[in-house]
Each structure stands twice: as C-alpha cells, then as structure tokens.
file start25.txt (compact mmCIF, C-alpha atoms and all ligand atoms)
# COMPACT_ATOMS: atom_id res chain seq x y z
CA VAL V 295 -63.62 -106.88 -19.07
CA ALA V 296 -65.24 -110.26 -19.69
CA LYS V 297 -62.80 -113.07 -20.46
CA ALA V 298 -62.78 -116.78 -21.04
CA HIS V 299 -63.07 -118.69 -17.76
CA GLY V 300 -59.77 -119.89 -16.35
CA PHE V 301 -57.61 -118.08 -18.86
CA PRO V 302 -54.92 -115.88 -17.34
CA THR V 303 -54.30 -112.13 -17.41
CA VAL V 304 -50.82 -110.79 -18.17
CA VAL V 305 -49.78 -107.25 -17.29
CA MET V 306 -47.12 -105.66 -19.47
CA ILE V 307 -45.43 -102.46 -18.33
CA GLY V 308 -44.80 -100.16 -21.28
CA GLY V 309 -46.95 -99.46 -24.33
CA GLY V 310 -44.43 -99.60 -27.17
CA GLN V 311 -44.38 -101.84 -30.22
CA LEU V 312 -43.23 -104.87 -28.22
CA SER V 313 -46.46 -104.74 -26.20
CA ARG V 314 -48.41 -104.16 -29.37
CA MET V 315 -46.97 -107.29 -30.98
CA THR V 316 -47.44 -109.25 -27.74
CA GLN V 317 -51.14 -108.41 -28.00
CA GLN V 318 -51.17 -110.06 -31.41
CA ALA V 319 -49.93 -113.27 -29.78
CA ALA V 320 -52.25 -112.88 -26.76
CA ILE V 321 -55.29 -112.83 -29.07
CA ALA V 322 -54.49 -116.24 -30.51
CA LEU V 323 -53.71 -117.71 -27.10
CA GLY V 324 -56.91 -116.35 -25.55
CA VAL V 325 -54.81 -114.64 -22.89
CA GLU V 326 -55.90 -111.23 -21.60
CA LEU V 327 -53.21 -108.56 -21.91
CA ARG V 328 -53.34 -105.45 -19.74
CA VAL V 329 -50.84 -102.71 -20.57
CA LEU V 330 -49.50 -99.72 -18.66
CA SER V 331 -48.99 -97.06 -21.32
CA GLN V 332 -47.73 -93.49 -21.00
CA SER V 333 -50.52 -92.19 -23.20
CA PRO V 334 -53.67 -93.39 -24.98
CA THR V 335 -51.94 -92.93 -28.34
CA GLU V 336 -48.87 -95.12 -27.75
CA SER V 337 -48.32 -98.07 -30.06
CA ALA V 338 -49.89 -100.74 -27.82
CA ALA V 339 -52.55 -98.46 -26.32
CA GLN V 340 -54.22 -98.39 -29.75
CA VAL V 341 -54.78 -102.15 -29.82
CA VAL V 342 -54.85 -103.62 -26.31
CA GLY V 343 -58.21 -104.28 -24.63
CA GLU V 344 -57.30 -103.05 -21.18
CA ILE V 345 -55.11 -99.97 -21.10
CA PHE V 346 -54.05 -98.20 -17.92
CA ILE V 347 -52.45 -94.81 -18.40
CA GLY V 348 -49.41 -94.15 -16.23
CA GLN V 349 -45.65 -93.86 -16.09
CA HIS V 350 -43.43 -96.92 -15.80
CA ASP V 351 -41.71 -95.47 -12.71
CA ASP V 352 -44.94 -94.67 -10.89
CA ALA V 353 -45.25 -97.26 -8.09
CA ALA V 354 -48.92 -96.51 -7.46
CA ALA V 355 -49.83 -96.90 -11.14
CA ILE V 356 -47.97 -100.21 -11.33
CA GLU V 357 -49.56 -101.50 -8.14
CA LYS V 358 -53.00 -100.62 -9.49
CA ILE V 359 -52.55 -102.42 -12.78
CA ALA V 360 -50.98 -105.48 -11.09
CA ILE V 361 -54.02 -106.19 -8.91
CA GLY V 362 -55.70 -109.42 -9.99
CA ALA V 363 -53.18 -110.17 -12.73
CA ASP V 364 -51.54 -113.59 -12.97
CA VAL V 365 -48.14 -112.21 -13.90
CA VAL V 366 -46.43 -108.87 -14.52
CA THR V 367 -43.88 -108.53 -17.32
CA PHE V 368 -42.19 -105.75 -19.34
CA ASP V 369 -41.82 -104.24 -22.79
CA HIS V 370 -38.64 -102.38 -21.74
CA GLU V 371 -36.11 -102.57 -18.91
CA HIS V 372 -36.60 -99.17 -17.32
CA VAL V 373 -38.94 -99.96 -14.41
CA PRO V 374 -37.10 -99.10 -11.17
CA LEU V 375 -35.99 -102.25 -9.33
CA GLU V 376 -37.34 -101.00 -5.99
CA ILE V 377 -40.84 -101.00 -7.46
CA ILE V 378 -40.40 -104.56 -8.74
CA ARG V 379 -38.92 -105.78 -5.45
CA ASP V 380 -41.79 -104.24 -3.57
CA LEU V 381 -44.34 -106.03 -5.78
CA GLU V 382 -42.48 -109.31 -5.29
CA SER V 383 -42.38 -108.89 -1.53
CA ARG V 384 -46.15 -108.62 -1.60
CA GLY V 385 -46.58 -111.83 -3.55
CA VAL V 386 -47.11 -110.40 -7.04
CA VAL V 387 -45.61 -112.72 -9.65
CA VAL V 388 -43.11 -110.72 -11.74
CA ARG V 389 -41.29 -112.35 -14.66
CA PRO V 390 -38.47 -111.83 -15.27
CA GLY V 391 -37.92 -111.27 -11.55
CA SER V 392 -35.92 -108.42 -10.06
CA LYS V 393 -32.77 -110.53 -9.54
CA ALA V 394 -32.58 -111.43 -13.22
CA LEU V 395 -33.76 -108.08 -14.57
CA ALA V 396 -31.06 -106.19 -12.67
CA HIS V 397 -28.54 -107.58 -15.18
CA ALA V 398 -30.48 -106.30 -18.19
CA GLN V 399 -30.88 -102.88 -16.57
CA ASP V 400 -27.28 -102.33 -15.57
CA LYS V 401 -24.43 -103.15 -17.95
CA VAL V 402 -21.81 -103.01 -15.17
CA LEU V 403 -23.70 -105.58 -13.11
CA MET V 404 -24.01 -107.69 -16.25
CA ARG V 405 -20.27 -107.50 -16.98
CA GLN V 406 -19.46 -108.53 -13.39
CA LYS V 407 -21.88 -111.45 -13.57
CA LEU V 408 -20.58 -112.68 -16.94
CA GLU V 409 -17.05 -112.48 -15.57
CA SER V 410 -18.00 -114.67 -12.61
CA LEU V 411 -19.57 -117.15 -15.04
CA GLU V 412 -16.36 -117.08 -17.13
CA ILE V 413 -18.30 -116.13 -20.24
CA LYS V 414 -16.26 -114.45 -22.98
CA GLN V 415 -16.83 -110.71 -23.31
CA PRO V 416 -14.92 -107.52 -24.20
CA LYS V 417 -12.41 -106.21 -21.64
CA TRP V 418 -14.16 -103.57 -19.55
CA LYS V 419 -13.69 -101.10 -16.72
CA VAL V 420 -15.84 -98.72 -14.73
CA LEU V 421 -14.53 -95.16 -15.15
CA ASN V 422 -14.76 -92.97 -12.07
CA SER V 423 -12.34 -90.41 -13.44
CA ILE V 424 -10.44 -89.37 -16.54
CA SER V 425 -7.34 -91.09 -15.19
CA ASP V 426 -9.29 -94.37 -15.02
CA GLY V 427 -9.93 -93.86 -18.74
CA VAL V 428 -6.28 -93.13 -19.45
CA GLU V 429 -5.33 -96.29 -17.57
CA PHE V 430 -7.85 -98.29 -19.62
CA ALA V 431 -6.47 -96.80 -22.86
CA ASN V 432 -3.04 -98.09 -21.80
CA VAL V 433 -4.52 -101.61 -21.70
CA VAL V 434 -6.76 -101.67 -24.79
CA SER V 435 -5.49 -98.55 -26.65
CA TYR V 436 -7.70 -96.03 -28.49
CA PRO V 437 -10.33 -96.12 -29.82
CA PHE V 438 -12.42 -97.78 -27.13
CA ILE V 439 -16.11 -97.71 -26.28
CA ILE V 440 -17.76 -95.71 -23.54
CA LYS V 441 -21.33 -96.48 -22.46
CA VAL V 442 -23.71 -95.39 -19.78
CA SER V 443 -24.35 -98.34 -17.47
CA ARG V 444 -28.12 -97.83 -17.46
CA GLY V 445 -30.92 -96.22 -19.44
CA GLY V 446 -29.40 -96.38 -22.95
CA TYR V 447 -31.16 -97.94 -25.96
CA ASP V 448 -30.83 -98.03 -29.76
CA GLY V 449 -27.22 -96.86 -29.44
CA ARG V 450 -28.17 -93.77 -27.41
CA GLY V 451 -25.70 -93.99 -24.58
CA VAL V 452 -22.82 -95.58 -26.55
CA TRP V 453 -19.84 -93.63 -27.90
CA VAL V 454 -16.53 -94.38 -29.58
CA CYS V 455 -13.75 -92.61 -27.70
CA LYS V 456 -10.75 -91.99 -29.95
CA ASP V 457 -8.42 -89.95 -27.76
CA GLU V 458 -7.93 -88.28 -24.40
CA THR V 459 -9.71 -85.07 -25.49
CA GLU V 460 -12.83 -87.06 -26.36
CA LEU V 461 -12.50 -88.98 -23.13
CA ALA V 462 -12.54 -85.76 -21.15
CA ASP V 463 -15.49 -84.40 -23.19
CA LEU V 464 -17.51 -87.56 -22.70
CA LEU V 465 -16.88 -87.83 -18.98
CA SER V 466 -17.83 -84.18 -18.49
CA GLN V 467 -21.43 -85.01 -19.39
CA PRO V 468 -23.78 -85.22 -16.40
CA LEU V 469 -24.76 -88.70 -15.20
CA GLY V 470 -27.88 -89.81 -13.34
CA SER V 471 -27.37 -90.75 -9.70
CA ASP V 472 -27.28 -94.53 -10.18
CA VAL V 473 -25.50 -94.41 -13.56
CA GLN V 474 -21.81 -95.17 -14.18
CA TRP V 475 -19.43 -94.81 -17.12
CA LEU V 476 -18.57 -98.21 -18.53
CA ALA V 477 -15.55 -98.45 -20.80
CA GLU V 478 -15.21 -101.40 -23.13
CA GLU V 479 -12.55 -102.61 -25.47
CA PHE V 480 -13.53 -101.77 -29.08
CA ILE V 481 -14.28 -105.09 -30.74
CA PRO V 482 -13.57 -105.02 -34.51
CA PHE V 483 -16.22 -107.68 -35.02
CA GLU V 484 -16.95 -109.32 -38.37
CA ARG V 485 -20.62 -109.18 -37.56
CA GLU V 486 -23.13 -109.13 -34.73
CA LEU V 487 -25.29 -112.09 -33.76
CA SER V 488 -28.22 -112.58 -31.44
CA ALA V 489 -29.08 -115.78 -29.58
CA GLN V 490 -32.60 -115.85 -28.18
CA VAL V 491 -34.00 -118.35 -25.74
CA ALA V 492 -37.31 -118.63 -23.92
CA ARG V 493 -37.22 -120.02 -20.39
CA SER V 494 -40.16 -120.82 -18.14
CA PRO V 495 -40.14 -121.23 -14.34
CA HIS V 496 -40.82 -124.94 -14.78
CA PRO V 497 -38.02 -124.75 -16.03
CA GLN V 498 -38.33 -125.46 -19.73
CA MET V 499 -36.09 -123.79 -22.26
CA ILE V 500 -36.07 -123.48 -26.06
CA ALA V 501 -33.46 -121.81 -28.27
CA TYR V 502 -34.23 -119.95 -31.49
CA PRO V 503 -31.92 -120.21 -34.47
CA VAL V 504 -28.99 -117.80 -33.99
CA VAL V 505 -29.48 -114.75 -36.20
CA GLU V 506 -27.22 -112.08 -37.71
CA THR V 507 -28.10 -108.52 -36.76
CA GLN V 508 -26.93 -105.39 -38.56
CA GLN V 509 -26.91 -102.07 -36.75
CA LYS V 510 -26.96 -98.57 -38.26
CA GLU V 511 -25.71 -95.89 -35.88
CA GLY V 512 -26.25 -98.30 -33.00
CA MET V 513 -29.82 -99.13 -34.00
CA CYS V 514 -30.90 -102.51 -35.32
CA SER V 515 -31.74 -102.30 -39.02
CA VAL V 516 -31.53 -105.78 -40.58
CA VAL V 517 -31.82 -109.29 -39.17
CA ILE V 518 -31.08 -112.47 -41.10
CA ALA V 519 -32.44 -115.73 -39.74
CA PRO V 520 -30.54 -117.95 -39.45
CA ALA V 521 -27.12 -116.22 -39.48
CA PRO V 522 -25.56 -117.07 -42.87
CA ASN V 523 -22.32 -119.07 -42.99
CA LEU V 524 -22.29 -119.65 -39.26
CA ASP V 525 -20.37 -122.79 -38.41
CA PRO V 526 -22.93 -125.17 -36.80
CA GLU V 527 -20.58 -125.65 -33.83
CA ARG V 528 -20.34 -121.90 -33.37
CA ALA V 529 -24.14 -121.62 -33.54
CA VAL V 530 -24.53 -124.26 -30.86
CA GLU V 531 -21.92 -122.49 -28.73
CA ALA V 532 -23.94 -119.25 -28.98
CA GLN V 533 -27.14 -121.07 -28.01
CA ARG V 534 -25.32 -122.74 -25.09
CA VAL V 535 -24.05 -119.39 -23.84
CA ALA V 536 -27.60 -117.97 -23.98
CA MET V 537 -28.98 -120.99 -22.13
CA GLN V 538 -26.21 -120.85 -19.54
CA ILE V 539 -26.99 -117.18 -18.87
CA ALA V 540 -30.74 -117.82 -18.70
CA ASP V 541 -30.20 -120.60 -16.14
CA ALA V 542 -27.57 -118.79 -14.09
CA LEU V 543 -29.66 -115.63 -13.82
CA ASP V 544 -32.97 -117.50 -13.48
CA VAL V 545 -34.43 -115.58 -16.41
CA THR V 546 -38.11 -116.21 -17.13
CA GLY V 547 -39.58 -115.11 -20.45
CA MET V 548 -37.55 -114.27 -23.53
CA LEU V 549 -33.82 -113.60 -23.26
CA ALA V 550 -31.83 -112.08 -26.12
CA VAL V 551 -28.05 -112.29 -25.89
CA GLU V 552 -26.39 -109.81 -28.25
CA LEU V 553 -23.05 -111.18 -29.47
CA PHE V 554 -19.97 -110.05 -31.37
CA ASP V 555 -18.62 -112.59 -33.86
CA THR V 556 -14.93 -111.77 -34.35
CA GLY V 557 -14.43 -114.63 -36.79
CA SER V 558 -12.49 -116.61 -34.19
CA GLU V 559 -14.68 -116.22 -31.11
CA ILE V 560 -18.04 -115.10 -29.81
CA LEU V 561 -18.22 -112.38 -27.16
CA VAL V 562 -21.29 -111.23 -25.24
CA ASN V 563 -22.31 -107.60 -25.83
CA GLU V 564 -25.47 -107.25 -23.78
CA LEU V 565 -28.68 -108.89 -22.55
CA ALA V 566 -32.37 -108.09 -23.05
CA MET V 567 -35.02 -109.90 -21.01
CA ARG V 568 -38.07 -109.31 -23.16
CA PRO V 569 -39.03 -109.74 -26.80
CA HIS V 570 -36.24 -108.13 -28.84
CA ASN V 571 -35.83 -106.52 -32.27
CA SER V 572 -33.63 -109.45 -33.32
CA GLY V 573 -36.66 -111.75 -32.94
CA HIS V 574 -39.24 -109.89 -35.04
CA TRP V 575 -38.51 -112.26 -37.92
CA SER V 576 -40.13 -115.02 -35.85
CA ILE V 577 -43.65 -113.60 -36.30
CA ASP V 578 -43.67 -114.81 -39.89
CA GLY V 579 -40.58 -117.00 -40.00
CA ALA V 580 -40.86 -119.37 -37.02
CA ILE V 581 -43.44 -121.87 -35.85
CA THR V 582 -43.84 -119.89 -32.61
CA SER V 583 -43.09 -116.18 -32.46
CA GLN V 584 -40.93 -114.66 -29.71
CA PHE V 585 -44.02 -112.78 -28.50
CA GLU V 586 -46.04 -115.95 -28.09
CA ASN V 587 -43.14 -117.71 -26.36
CA HIS V 588 -42.64 -114.75 -24.04
CA LEU V 589 -46.28 -115.07 -22.95
CA ARG V 590 -46.04 -118.85 -22.66
CA ALA V 591 -42.84 -118.58 -20.63
CA VAL V 592 -44.02 -115.94 -18.15
CA LEU V 593 -47.26 -117.92 -17.68
CA ASP V 594 -45.27 -121.16 -17.16
CA LEU V 595 -47.07 -122.78 -20.09
CA PRO V 596 -45.34 -125.37 -22.28
CA LEU V 597 -43.20 -123.51 -24.83
CA GLY V 598 -43.80 -123.53 -28.57
CA SER V 599 -41.37 -124.73 -31.23
CA PRO V 600 -38.83 -122.05 -32.22
CA LYS V 601 -38.07 -123.77 -35.52
CA ALA V 602 -37.81 -121.72 -38.69
CA LYS V 603 -40.56 -122.32 -41.24
CA SER V 604 -38.42 -121.56 -44.27
CA GLU V 605 -34.81 -121.58 -45.30
CA TRP V 606 -34.34 -117.84 -44.72
CA THR V 607 -36.28 -114.99 -43.19
CA VAL V 608 -35.04 -111.42 -43.47
CA MET V 609 -36.38 -108.63 -41.27
CA VAL V 610 -35.74 -104.99 -42.13
CA ASN V 611 -36.79 -102.20 -39.78
CA VAL V 612 -38.85 -99.34 -41.16
CA ILE V 613 -37.17 -96.29 -39.68
CA GLY V 614 -38.80 -92.89 -40.07
CA GLY V 615 -37.32 -90.36 -42.51
CA ASP V 616 -38.62 -87.16 -44.06
CA PHE V 617 -41.38 -88.88 -45.96
CA SER V 618 -44.74 -88.97 -44.19
CA ASP V 619 -47.08 -90.34 -46.87
CA MET V 620 -46.71 -93.90 -45.63
CA PHE V 621 -50.09 -95.19 -46.73
CA HIS V 622 -49.53 -94.56 -50.40
CA ALA V 623 -46.17 -96.34 -50.21
CA PHE V 624 -47.74 -99.11 -48.16
CA LYS V 625 -50.25 -99.88 -50.92
CA HIS V 626 -47.49 -99.83 -53.52
CA CYS V 627 -45.41 -102.34 -51.52
CA MET V 628 -48.34 -104.72 -51.22
CA ALA V 629 -49.13 -104.49 -54.91
CA ARG V 630 -45.52 -104.92 -55.95
CA ASP V 631 -44.70 -107.96 -53.86
CA PRO V 632 -47.31 -110.16 -52.17
CA HIS V 633 -44.53 -112.04 -50.32
CA VAL V 634 -43.63 -109.05 -48.14
CA LYS V 635 -45.18 -109.07 -44.68
CA ILE V 636 -45.51 -105.50 -43.42
CA HIS V 637 -45.84 -104.77 -39.70
CA MET V 638 -46.72 -101.21 -38.73
CA TYR V 639 -46.58 -99.96 -35.15
CA GLY V 640 -49.21 -97.21 -35.38
CA LYS V 641 -46.57 -94.58 -34.65
CA GLU V 642 -46.27 -91.14 -36.17
CA VAL V 643 -43.35 -90.82 -38.56
CA ARG V 644 -40.37 -89.17 -36.92
CA LYS V 645 -36.82 -89.18 -38.17
CA GLY V 646 -34.78 -92.06 -36.76
CA ARG V 647 -37.75 -93.68 -35.05
CA LYS V 648 -38.67 -97.36 -35.44
CA ILE V 649 -42.15 -97.26 -36.98
CA GLY V 650 -42.49 -100.77 -38.35
CA HIS V 651 -40.68 -103.68 -39.92
CA VAL V 652 -41.02 -105.99 -42.89
CA ASN V 653 -40.38 -109.73 -43.04
CA VAL V 654 -39.65 -111.75 -46.14
CA SER V 655 -39.14 -115.52 -46.17
CA SER V 656 -37.54 -117.27 -49.11
CA GLU V 657 -35.52 -120.29 -50.14
CA ASP V 658 -32.99 -117.80 -51.51
CA LEU V 659 -31.23 -115.39 -49.15
CA GLU V 660 -30.31 -112.80 -51.80
CA ASP V 661 -33.93 -112.76 -52.94
CA ALA V 662 -35.24 -112.26 -49.39
CA LEU V 663 -32.70 -109.49 -48.68
CA ARG V 664 -33.53 -107.64 -51.87
CA ARG V 665 -37.28 -107.82 -51.41
CA ALA V 666 -37.25 -106.85 -47.74
CA GLN V 667 -34.80 -103.99 -48.22
CA HIS V 668 -36.75 -102.65 -51.18
CA ALA V 669 -40.03 -102.64 -49.25
CA ALA V 670 -38.49 -100.94 -46.20
CA ASP V 671 -36.76 -98.34 -48.39
CA TYR V 672 -39.91 -97.68 -50.37
CA LEU V 673 -42.05 -97.26 -47.25
CA ILE V 674 -39.82 -94.48 -45.94
CA GLY V 675 -39.51 -92.77 -49.31
CA ASN V 676 -35.91 -93.75 -50.13
CA ILE V 677 -37.02 -95.07 -53.51
CA GLU V 678 -39.26 -93.44 -56.07
CA GLU V 679 -40.61 -95.38 -58.99
N1 LIG V 701 -17.36 -103.01 -27.20
C1 LIG V 701 -17.85 -102.73 -28.42
N2 LIG V 701 -17.07 -102.83 -29.53
C2 LIG V 701 -17.55 -102.51 -30.76
N3 LIG V 701 -18.82 -102.10 -30.99
C3 LIG V 701 -19.65 -101.97 -29.94
C4 LIG V 701 -19.23 -102.27 -28.59
N4 LIG V 701 -20.27 -102.07 -27.77
C5 LIG V 701 -21.29 -101.66 -28.53
N5 LIG V 701 -20.94 -101.58 -29.84
C6 LIG V 701 -21.85 -101.21 -30.97
O1 LIG V 701 -22.87 -100.35 -30.49
C7 LIG V 701 -24.16 -100.98 -30.59
C8 LIG V 701 -25.03 -100.58 -29.40
O2 LIG V 701 -24.39 -100.97 -28.18
P1 LIG V 701 -25.20 -101.67 -27.00
O3 LIG V 701 -24.31 -101.83 -25.83
O4 LIG V 701 -25.86 -102.89 -27.53
O5 LIG V 701 -26.25 -100.51 -26.66
P2 LIG V 701 -27.85 -100.44 -26.69
O6 LIG V 701 -28.26 -100.71 -25.30
O7 LIG V 701 -28.12 -99.05 -27.15
O8 LIG V 701 -28.31 -101.50 -27.67
C9 LIG V 701 -23.84 -102.47 -30.66
O9 LIG V 701 -24.88 -103.20 -31.26
C10 LIG V 701 -22.55 -102.45 -31.49
O10 LIG V 701 -22.85 -102.25 -32.87
MG MG V 702 -27.79 -103.48 -27.87
call {"tool": "encode", "arguments": {"input": "start25.txt", "output": "structure tokens", "more": "lines below"}}
Ligand SMILES: Nc1ncnc2c1ncn2[C@@H]1O[C@H](COP(=O)(O)OP(=O)(O)O)[C@@H](O)[C@H]1O
Ligand SMILES: [Mg+2]
result
Amino acid sequence: VAKAHGFPTVVMIGGGQLSRMTQQAAIALGVELRVLSQSPTESAAQVVGEIFIGQHDDAAAIEKIAIGADVVTFDHEHVPLEIIRDLESRGVVVRPGSKALAHAQDKVLMRQKLESLEIKQPKWKVLNSISDGVEFANVVSYPFIIKVSRGGYDGRGVWVCKDETELADLLSQPLGSDVQWLAEEFIPFERELSAQVARSPHPQMIAYPVVETQQKEGMCSVVIAPAPNLDPERAVEAQRVAMQIADALDVTGMLAVELFDTGSEILVNELAMRPHNSGHWSIDGAITSQFENHLRAVLDLPLGSPKAKSEWTVMVNVIGGDFSDMFHAFKHCMARDPHVKIHMYGKEVRKGRKIGHVNVSSEDLEDALRRAQHAADYLIGNIEE
C-alpha cells in the first residue's frame, strides 16, 4: 500500500466499531491504519485500507501484522498478555503496554492496584468458594455484585446476587482457567460517570469533560456530555483520579475510568484502555475526537484539544431490535431532523447488538436528549409515524 512519505502506520487488533471509527480519524491525520479482523465483513474490515484476517489470540497472525508498523494498539482488551509481552520483548512498540493493559483485562488486578493507590472503590473480595461469598455477605449484606474477573463486556459477566441460593447457582458456573469470581459491594449509585483522558509516552495528558453514562441491562445506552449538575469540584476530582491512574499505570492512548456517583462520593468501577462508548459524543461534540486522540497518543504526537464545541452533546446508542429495515428509517431520521448526526457501524441487525449511535449537540439539554432519543428509537423501529 502506497502512503505519504514519513507518515506512520498504526496496527489495531480487532475489527469492531472502535477500529472503524479510528479509521475515520486516521484518514484526516494521514496515518495508515492496519487492522486485524476476524472476518472480511466485520465493522472495520469494510472500511480500512489494509485488513489482515486473523484471530486476536493468534500469536502468528499478530506477529505478521505487526511487522513494519510504528505502533500496535487495540480495539478491545482480549489479546492474551503473553502475546503482547512477546512482541514487546522483540522491540515492537505496543501501546498501551502489557503492564498497563493487564489492569484493564483483569478486574481483580485492577482492584488490587486501585487499593494500593488509595483510590476510592466499592468493597470487593475474590470468591474461591461459597463460604467466601457468605463471609462477604456478612460484611456488605445482600444483594451484592458478582463479576467474572476477565472477558466480560456490555454487562455480560456481571450479576446481582440476592441470596445464598443465587450465590451457589452463580458459583456453580464453569470458569476459564485464568478467570476468578470477583464479588463487589452493590453501590446504589445516583448515576454513572465516565472520565476519559488521553496520555502519550512523552508524557502529555489531556482530560475530556466528565460525562454521565446510562446503562440498560449493563450496556451503555445514553451519554450526556458534560455530566449535568456535576459540582465543578467533583468533576475536577474525577479528572484527577483518571489522570492519577493513567500516570500510575503508565497508560498510553485513551483511558476511560467508569465511575459511580453516589451523591456524596465518586468510586471507580472499571478501566478501559482504548476508545470507549462513553466518548463517542466527541466525534461531533469535541474539538478532537477520542479516536483522533487515541491515535495521536499512541504515536506520541501532540494531543488535540478535548474541549466541547457546544453546551451539550447527547449520544444515544442504536441497539438492534426486531426491526431490520434500517435504511428506510435512516432516511426518515435525516429528513426529520438535520441536526442529528447518525453513525452506523456496518453491522447486521441483531437483537441487543450495538449497531450505531446518534449524536445531537444543542444549547438546550432537554432538546438534545429528545432529538437523539427519538432518532435512535426510530432507527430501531420503536416508533412508527
Ligand atoms: N458494584 C456495583 N454496584 C452497582 N452496580 C454495578 C456494580 N458493578 C457493576 N455495576 C453495573 O453493571 C454495569 C456493568 O459492570 P462493569 O463492571 O462495568 O462490566 P462490563 O465490563 O460489562 O462493562 C455497570 O456499568 C453498572 O451499571
Ligand atoms: Mg463497564
């Protein structure tokens, strides 16, 4: 593939929508993106110039795609650490590096690390047996949360455990060899927040406005940027926590810190070291999108401004339902409201699957919420007019 002289090549492992949207940023930057995709039909495989087909846990496939690249990065956290360590030991630049990424892959490791940094988080315990769970229930009482330490996403791998019968049922499920049961205190949060930062090896760091995220059945559905009615001191505290974590773990690229806002304090839920659903608003709502800043950060380029371009931006995920005639609805949404920015991921409609998102910016939050929610609902067939 011919490319502009001197401009770098970035390898991204994983061909989902995050890679697809990173390609959008790579085009403007003149950076070459090379993606390892499971199939030629995956979201990013449809749009990226250089696609390699292979699995994210196939060391040979990853080695092959990494040759000649300036940096290797990720669209998800499921690449085995041994593969990443091996690349690093042979001089391949991987960002985020294995030491940082370990904490986004394994929630137990993350909890231990946050504890050592004295960062506020829910009470937690690794459960090796039902009696460990009973002991934990004596401390935090039912209901509490049980999670798999690795491999979960979009709420798959998170359960509410309301009594000892459920505890026994949950722990009777088979676990992968390197996976543990993590119990957490149930936090009756007022809302969830996300604090995103981009950090380069230089190191330079920028913090995005703290956003409110709303989850449905564990999956992100709505993001409001910035988080409404967030005390400015609280917002700065959340940004500080994210920056402290990024520095302490030597994160390079984007870091999202998912937070619980209890009304009186802010607790860390989990970490993602890649572009994140809570930052999709930034494509239309910020001076520099999270995808562009992820590329800038992993390439050690100066970072772009994370400032919001308007008072409010609302992002609503388009999540597949029973309705498959998306294109008709798509045209209707455009005709109805020229302020709605629709982002489709090129995925087939399947129930419960993230297939796109919409962004709406406005001076008026209620207006942005209404317009974005209407468009997302209409696209999936929840509204007929
Ligand atoms: N300790 C907790 N207390 C209350 N709700 C929780 C807790 N942990 C997770 N949740 C809820 O479940 C969602 C998914 O959990 P999370 O650990 O972020 O898993 P995933 O990796 O699937 O995103 C969270 O966004 C939150 O809504
Ligand atoms: Mg999460």
call {"tool": "residues_near_ligand", "arguments": {"input": "start25.txt", "ligand": "ligand MG 702 (chain V)", "cutoff": "10 Å", "atoms": "all atoms listed in the file", "output": "ChimeraX atom specification"}}
result
/V:446-450,452,488,509,512-514,550-553,563-566,570-572
call {"tool": "atom_distance", "arguments": {"input": "start25.txt", "atom1": "CA of Trp606 in chain V", "atom2": "CA of Glu486 in chain V"}}
result
17.4 Å
call {"tool": "closest_residue", "arguments": {"input": "start25.txt", "among": "V:Pro437, V:Pro522, V:Gly362, V:Gly385", "to": "ligand LIG 701 (chain V)", "atoms": "all atoms listed in the file"}}
result
V:Pro437
call {"tool": "closest_residue", "arguments": {"input": "start25.txt", "among": "V:Asp369, V:Glu506, V:Asp352, V:Glu657", "to": "Trp575 in chain V", "atoms": "all atoms listed in the file"}}
result
V:Glu506
call {"tool": "closest_residue", "arguments": {"input": "start25.txt", "among": "V:Val329, V:Leu561, V:Val433, V:Ala602", "to": "Ser583 in chain V", "atoms": "only C-alpha atoms"}}
result
V:Ala602
call {"tool": "closest_residue", "arguments": {"input": "start25.txt", "among": "V:Lys417, V:Arg379, V:Lys456, V:His372", "to": "Asp400 in chain V", "atoms": "all atoms listed in the file"}}
result
V:His372
call {"tool": "atom_distance", "arguments": {"input": "start25.txt", "atom1": "CA of Ala666 in chain V", "atom2": "CA of Ala501 in chain V"}}
result
24.8 Å
call {"tool": "residues_near_point", "arguments": {"input": "start25.txt", "point": "(-48.2, -123.7, -19.0)", "cutoff": "12 Å", "atoms": "all atoms listed in the file", "output": "list in words"}}
result
Phe301, Pro302, Leu323, Val325, Arg493, Ser494, Pro495, His496, Pro497, Gln498, Asn587, His588, Leu589, Arg590, Ala591, Val592, Leu593, Asp594, Leu595, Pro596, Leu597 and Gly598 of chain V
call {"tool": "residues_around", "arguments": {"input": "start25.txt", "residues": "Ala519 in chain V", "least_positions_apart": "2", "cutoff": "9 Å", "atoms": "all atoms listed in the file", "output": "NGL selection string"}}
result
:V and (503-507 or 517 or 521-522 or 573 or 575-576 or 579 or 602 or 605-609)
call {"tool": "closest_residue", "arguments": {"input": "start25.txt", "among": "V:Glu376, V:Glu371, V:Asp578, V:Glu660", "to": "His633 in chain V", "atoms": "all atoms listed in the file"}}
result
V:Asp578
call {"tool": "atom_distance", "arguments": {"input": "start25.txt", "atom1": "CA of Trp475 in chain V", "atom2": "CA of His370 in chain V"}}
result
21.2 Å
call {"tool": "closest_residue", "arguments": {"input": "start25.txt", "among": "V:Pro482, V:Pro526, V:Gly646, V:Pro600", "to": "ligand LIG 701 (chain V)", "atoms": "only C-alpha atoms and all ligand atoms"}}
result
V:Pro482
call {"tool": "residues_around", "arguments": {"input": "start25.txt", "residues": "range 333-338 of chain V", "least_positions_apart": "5", "cutoff": "8 Å", "atoms": "all atoms listed in the file", "output": "PyMOL selection string"}}
result
chain V and resi 309-315+317+345+347-348+639-641
call {"tool": "residues_around", "arguments": {"input": "start25.txt", "residues": "Gln584 in chain V", "least_positions_apart": "5", "cutoff": "8 Å", "atoms": "only C-alpha atoms", "output": "list in words"}}
result
Ala492, Met548, Pro569, Gly573, His574, Ser576 and Ile577 of chain V
call {"tool": "write_last_selection", "arguments": {"input": "start25.txt", "atoms": "C-alpha atoms", "output": "PDB file, keeping the file's coordinate frame"}}
result
ATOM      1  CA  ALA V 492     -37.310-118.630 -23.920  1.00  0.00           C
ATOM      2  CA  MET V 548     -37.550-114.270 -23.530  1.00  0.00           C
ATOM      3  CA  PRO V 569     -39.030-109.740 -26.800  1.00  0.00           C
ATOM      4  CA  GLY V 573     -36.660-111.750 -32.940  1.00  0.00           C
ATOM      5  CA  HIS V 574     -39.240-109.890 -35.040  1.00  0.00           C
ATOM      6  CA  SER V 576     -40.130-115.020 -35.850  1.00  0.00           C
ATOM      7  CA  ILE V 577     -43.650-113.600 -36.300  1.00  0.00           C
TER       8      ILE V 577
END
call {"tool": "residues_around", "arguments": {"input": "start25.txt", "residues": "Lys419 in chain V", "least_positions_apart": "2", "cutoff": "10 Å", "atoms": "all atoms listed in the file", "output": "list in words"}}
result
Val402, Arg405, Gln406, Pro416, Lys417, Leu421, Asn422, Asp426, Gly427, Glu429, Phe430, Ile440, Trp475, Leu476, Ala477, Glu478 and Glu479 of chain V
call {"tool": "residues_around", "arguments": {"input": "start25.txt", "residues": "range 387-390 of chain V", "least_positions_apart": "4", "cutoff": "7 Å", "atoms": "all atoms listed in the file", "output": "MDAnalysis selection string"}}
result
chainID V and resid 364:367 382 394:395 545:547 567 592
call {"tool": "axis_aligned_box", "arguments": {"input": "start25.txt", "around": "range 609-618 of chain V", "padding_each_side": "4 Å", "output": "lines of an AutoDock Vina configuration file"}}
result
center_x = -40.2
center_y = -97.9
center_z = -42.8
size_x = 17.0
size_y = 29.5
size_z = 14.3
